[in-house]
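Here is the structure we will look at.
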Amino acid sequence: MKLLSEKGVQRILMATAFSAISALLLIALFIISEGLPFIFSYGLNEFLFSSNWEPQAGKFGIYPMIVASLWVTFGAMVVGAPLGVAGALFLTEYVPKAIMRIVKPTIELLAAIPSVVYGFIGVMVLAPIIRENLGGPGLSLLGASIILGIMILPTIISISIDSILAVPQSYREGSLALGATIWQTIHMVTIKASKSGIIASIILGMGRAIGETMAVIMIAGNSVNIPTSALDSVRTLTANIALEMSYATGMHRQALFATGVVLFIVIIILNSIASIAIRKRPVKK
Amino acid sequence: MTKKFTLYLALLTLAAFWGCGKNKTSITIAGSTAFQPFAEKLAETYMNYNNKVNITVQGGGSAVGIQAANSGAAEIGMADLVILPEEAKALTSTVVARDGIAVIVHPDNIVSELTTDQVRDIFNGKITNWKDVGGKDASITVVSREAGSGTRSSFEDIVKDISLKRDALIQDSNGTIRETVANDVNAVGYLSHGLINNKIKAVRVDGQESTTESILSGNYKLVRPIYLLVKGNLEGEIKNFIDFVLSSEGQEIIKANGLLPAK
């Protein structure tokens, strides 16, 4: 006897799929309804472009946090993207498959380490190294970039590997048959064919970097400060919300929700730019 | 056998819960994370004497404590602020303990004494080098707490006229402040005096050490009161509990765990 009809299964699966979307919608609605009224009453310009964040004095300018979030994410990209893509190319093109099958899951284990552990390593190991060799307080934009760069490696490497492996073997064989070396084949054929996957891996890494909170709170120092060098301490949008939410009441609390709205919009903009970049990739060879 | 045992256990648990719900007054205490562990210990001891009361202790911070006492979400709010805000004025406040705030530096720092003016200038960013206060030629790393923290607002209210310098590091607990200062030879921060250990050094402020004796005698300036806030008058079980906290046994518990008694 059939327990469920075809239609029934379809409905159940549809409900499951929509629950994810409705969760997203609910979260967006909640943040926006809490934060948007504040932005309007306080003034969008003042909120986004003033660099005075003094909740006790009723001043809520998040410009330093926006700048810091963008710099930290950019820094993480500079550290993580080249390492990740190069690692993926090495593992797919130069190393026997058997070894890759051992190394790849090992790298993916990096993603299983809780972010508080990354933060702890940053504070105990990286910060003193930066402080002693380069100066500054150690808890800095540079430290946060390096830690986040490492945190996004597993995302970049494993998705890049998958997209590089998806390139048909015949492409490589064709190139090699024409007398190209392995490196020539990689940068003229393999990378071009797997470009969209590699870009997608970097975008996903970027999403993780901009949203990361715990490790950043621990390593970035959290000064409300527009950084003038990589050794300055900074506070990201996520850190601002997490640090102050437990105490905030009234206007201050609304301002933190408004910070969430800005973070939400920044992420949407970054993702849109990235997906346009994927679609616009050159088709002609 | 096992089944019977499980059933027995379940019945027993049920009975225990039944007993709990019967004739018991429940009191919720919420607020200051600095006083939370003390409140838990006090509540535990009190419940041993008086099994008619069930006390739940929650954290949330001083602002939450005031809010909860006002809204009735908690019967008792805890706040550790020097100056209570407007919205706490309507509440009945009782000072149940005091807490010293120590200014701390790395143990290797040769500076071991600062004046209140120097502390203010350091946190304001007017003094940026240790050599200006008798130390080595090295720039000062200022470490503070996040906006809204009871320790921070008490510190700023006592030292007065602090507008924290822009590039000060911000840490979100007493523990992480201690960790940051212990790891940085040039750092300066402040924390609850009960949390001083040998990884950091508390400096003398205006010639006074932040010891228990010095705070009790009133010589050490950086001291904040810890309030229990109640909406309306103190009566019934709530009054009994606050009386217990103020009794010599309650104060002894507070003293034994690193805070200072109210009087």
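Lettering and numbering for the structure tokens are positional, with chains as A, B, ... in the shown order, residues counted from 1 in each chain, and ligands counted from 1 in the shown order.
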
request  = When you get a sec, could you note down which chain B residues fall within 6 Å of chain A, using only C-alpha atoms, as a ChimeraX atom specification?
outcome  = /B:61,63,148,166-170

Writer output for current selection, N, CA and C atoms, as a PDB file, in the first residue's frame:
ATOM      1  N   GLY B  61      23.254  42.237  32.146  1.00  0.00           N
ATOM      2  CA  GLY B  61      23.863  43.565  32.261  1.00  0.00           C
ATOM      3  C   GLY B  61      23.004  44.512  33.078  1.00  0.00           C
ATOM      4  N   ALA B  63      21.831  47.486  32.503  1.00  0.00           N
ATOM      5  CA  ALA B  63      20.698  48.123  31.822  1.00  0.00           C
ATOM      6  C   ALA B  63      19.505  47.179  31.804  1.00  0.00           C
ATOM      7  N   GLY B 148      28.055  50.907  27.321  1.00  0.00           N
ATOM      8  CA  GLY B 148      26.929  50.255  27.980  1.00  0.00           C
ATOM      9  C   GLY B 148      27.366  49.374  29.136  1.00  0.00           C
ATOM     10  N   ARG B 166      39.882  57.493  20.305  1.00  0.00           N
ATOM     11  CA  ARG B 166      39.380  56.752  19.158  1.00  0.00           C
ATOM     12  C   ARG B 166      39.990  55.359  18.976  1.00  0.00           C
ATOM     13  N   ASP B 167      41.313  55.269  19.138  1.00  0.00           N
ATOM     14  CA  ASP B 167      41.930  53.993  18.785  1.00  0.00           C
ATOM     15  C   ASP B 167      42.115  53.067  19.989  1.00  0.00           C
ATOM     16  N   ALA B 168      41.338  53.316  21.062  1.00  0.00           N
ATOM     17  CA  ALA B 168      41.401  52.406  22.207  1.00  0.00           C
ATOM     18  C   ALA B 168      40.841  51.046  21.797  1.00  0.00           C
ATOM     19  N   LEU B 169      41.485  49.969  22.270  1.00  0.00           N
ATOM     20  CA  LEU B 169      40.953  48.644  22.004  1.00  0.00           C
ATOM     21  C   LEU B 169      39.728  48.430  22.886  1.00  0.00           C
ATOM     22  N   ILE B 170      38.735  47.721  22.351  1.00  0.00           N
ATOM     23  CA  ILE B 170      37.540  47.455  23.134  1.00  0.00           C
ATOM     24  C   ILE B 170      37.419  45.949  23.347  1.00  0.00           C
TER      25      ILE B 170
END

inquiry  = Could you go through stretch 137-258 of chain A and tell me which residues DSSP, when run on the backbone, assigns to helix (DSSP H, G or I), listing them as a ChimeraX atom specification?
reply    = /A:141-151,153-165,169-177,182-193,195-211,214-220,237-244,250-258

Grab the residues selected above and save them as an mmCIF file, in the first residue's frame with C-alpha atoms.
data_model
loop_
_atom_site.group_PDB
_atom_site.id
_atom_site.type_symbol
_atom_site.label_atom_id
_atom_site.label_comp_id
_atom_site.auth_asym_id
_atom_site.auth_seq_id
_atom_site.Cartn_x
_atom_site.Cartn_y
_atom_site.Cartn_z
ATOM 1 C CA LEU A 141 43.131 44.895 10.709
ATOM 2 C CA LEU A 142 46.130 42.863 9.508
ATOM 3 C CA GLY A 143 45.598 40.171 12.139
ATOM 4 C CA ALA A 144 41.898 39.916 11.329
ATOM 5 C CA SER A 145 42.653 39.688 7.592
ATOM 6 C CA ILE A 146 45.138 36.859 8.057
ATOM 7 C CA ILE A 147 42.882 34.850 10.381
ATOM 8 C CA LEU A 148 39.849 35.323 8.120
ATOM 9 C CA GLY A 149 41.991 34.504 5.068
ATOM 10 C CA ILE A 150 42.782 31.136 6.655
ATOM 11 C CA MET A 151 39.169 30.595 7.731
ATOM 12 C CA LEU A 153 40.530 28.612 2.671
ATOM 13 C CA PRO A 154 38.451 25.410 2.943
ATOM 14 C CA THR A 155 35.505 27.085 1.174
ATOM 15 C CA ILE A 156 37.669 28.388 -1.671
ATOM 16 C CA ILE A 157 39.775 25.241 -2.065
ATOM 17 C CA SER A 158 37.013 22.668 -2.038
ATOM 18 C CA ILE A 159 34.658 24.522 -4.395
ATOM 19 C CA SER A 160 37.539 25.423 -6.728
ATOM 20 C CA ILE A 161 38.655 21.776 -6.811
ATOM 21 C CA ASP A 162 35.146 20.660 -7.721
ATOM 22 C CA SER A 163 34.886 23.156 -10.579
ATOM 23 C CA ILE A 164 38.381 22.406 -11.894
ATOM 24 C CA LEU A 165 37.650 18.672 -11.842
ATOM 25 C CA GLN A 169 39.794 15.796 -19.511
ATOM 26 C CA SER A 170 39.720 16.139 -23.329
ATOM 27 C CA TYR A 171 40.403 19.895 -23.046
ATOM 28 C CA ARG A 172 43.637 19.217 -21.194
ATOM 29 C CA GLU A 173 44.591 16.402 -23.548
ATOM 30 C CA GLY A 174 43.991 18.657 -26.550
ATOM 31 C CA SER A 175 46.208 21.354 -25.095
ATOM 32 C CA LEU A 176 48.976 18.951 -24.114
ATOM 33 C CA ALA A 177 48.832 17.335 -27.572
ATOM 34 C CA ILE A 182 51.231 21.664 -17.791
ATOM 35 C CA TRP A 183 51.404 25.295 -16.597
ATOM 36 C CA GLN A 184 50.441 26.618 -20.045
ATOM 37 C CA THR A 185 47.521 24.215 -20.086
ATOM 38 C CA ILE A 186 46.468 25.365 -16.610
ATOM 39 C CA HIS A 187 46.426 29.087 -17.243
ATOM 40 C CA MET A 188 45.264 28.994 -20.847
ATOM 41 C CA VAL A 189 42.710 26.186 -20.700
ATOM 42 C CA THR A 190 41.805 24.872 -17.246
ATOM 43 C CA ILE A 191 41.426 28.201 -15.455
ATOM 44 C CA LYS A 192 39.438 29.707 -18.322
ATOM 45 C CA ALA A 193 37.074 26.754 -18.422
ATOM 46 C CA LYS A 195 36.495 30.435 -14.119
ATOM 47 C CA SER A 196 32.891 30.761 -12.976
ATOM 48 C CA GLY A 197 33.327 28.052 -10.335
ATOM 49 C CA ILE A 198 36.501 29.656 -9.044
ATOM 50 C CA ILE A 199 34.824 33.062 -8.821
ATOM 51 C CA ALA A 200 31.866 31.475 -7.036
ATOM 52 C CA SER A 201 34.229 29.909 -4.489
ATOM 53 C CA ILE A 202 35.808 33.308 -3.812
ATOM 54 C CA ILE A 203 32.386 34.928 -3.396
ATOM 55 C CA LEU A 204 31.302 32.291 -0.915
ATOM 56 C CA GLY A 205 34.551 32.871 0.955
ATOM 57 C CA MET A 206 33.861 36.595 0.924
ATOM 58 C CA GLY A 207 30.398 35.988 2.374
ATOM 59 C CA ARG A 208 31.927 34.017 5.204
ATOM 60 C CA ALA A 209 34.562 36.699 5.846
ATOM 61 C CA ILE A 210 32.158 39.630 6.031
ATOM 62 C CA GLY A 211 29.724 37.753 8.271
ATOM 63 C CA MET A 214 33.518 35.833 16.998
ATOM 64 C CA ALA A 215 37.033 35.549 15.580
ATOM 65 C CA VAL A 216 36.923 39.183 14.461
ATOM 66 C CA ILE A 217 35.842 40.452 17.878
ATOM 67 C CA MET A 218 38.783 38.639 19.420
ATOM 68 C CA ILE A 219 41.482 39.669 16.953
ATOM 69 C CA ALA A 220 40.481 43.068 15.515
ATOM 70 C CA LEU A 237 29.661 45.859 11.559
ATOM 71 C CA THR A 238 29.145 42.345 12.928
ATOM 72 C CA ALA A 239 31.413 43.012 15.913
ATOM 73 C CA ASN A 240 29.547 46.234 16.676
ATOM 74 C CA ILE A 241 26.233 44.387 16.923
ATOM 75 C CA ALA A 242 27.591 41.487 18.954
ATOM 76 C CA LEU A 243 29.602 43.636 21.379
ATOM 77 C CA GLU A 244 26.878 46.040 22.364
ATOM 78 C CA GLY A 250 16.063 52.144 23.457
ATOM 79 C CA MET A 251 17.720 54.143 20.671
ATOM 80 C CA HIS A 252 20.987 52.273 21.066
ATOM 81 C CA ARG A 253 19.252 48.937 20.482
ATOM 82 C CA GLN A 254 17.460 50.265 17.402
ATOM 83 C CA ALA A 255 20.771 51.630 16.110
ATOM 84 C CA LEU A 256 22.255 48.136 16.372
ATOM 85 C CA PHE A 257 19.348 46.682 14.400
ATOM 86 C CA ALA A 258 19.905 49.438 11.848
#

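Relative to atom CA of B:Ala147, atom CA of B:Ala182 is found at 22.3 Å.
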
ask   = Using only C-alpha atoms, which of the listed residues (B:Pro107, B:Ser163, B:Gln36, B:Thr141) sits closest to A:Ala57?
value = B:Ser163

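Summary of the local environment: counting only C-alpha atoms, residues at most 12 Å from B:Gly236, other than itself and those fewer than 3 positions away along its chain, are B:Thr25, B:Ser26, B:Ile27, B:Lys52, B:Val53, B:Glu75, B:Gly232, B:Asn233, B:Lys239, B:Asn240, B:Phe241, B:Ile242, B:Asp243.
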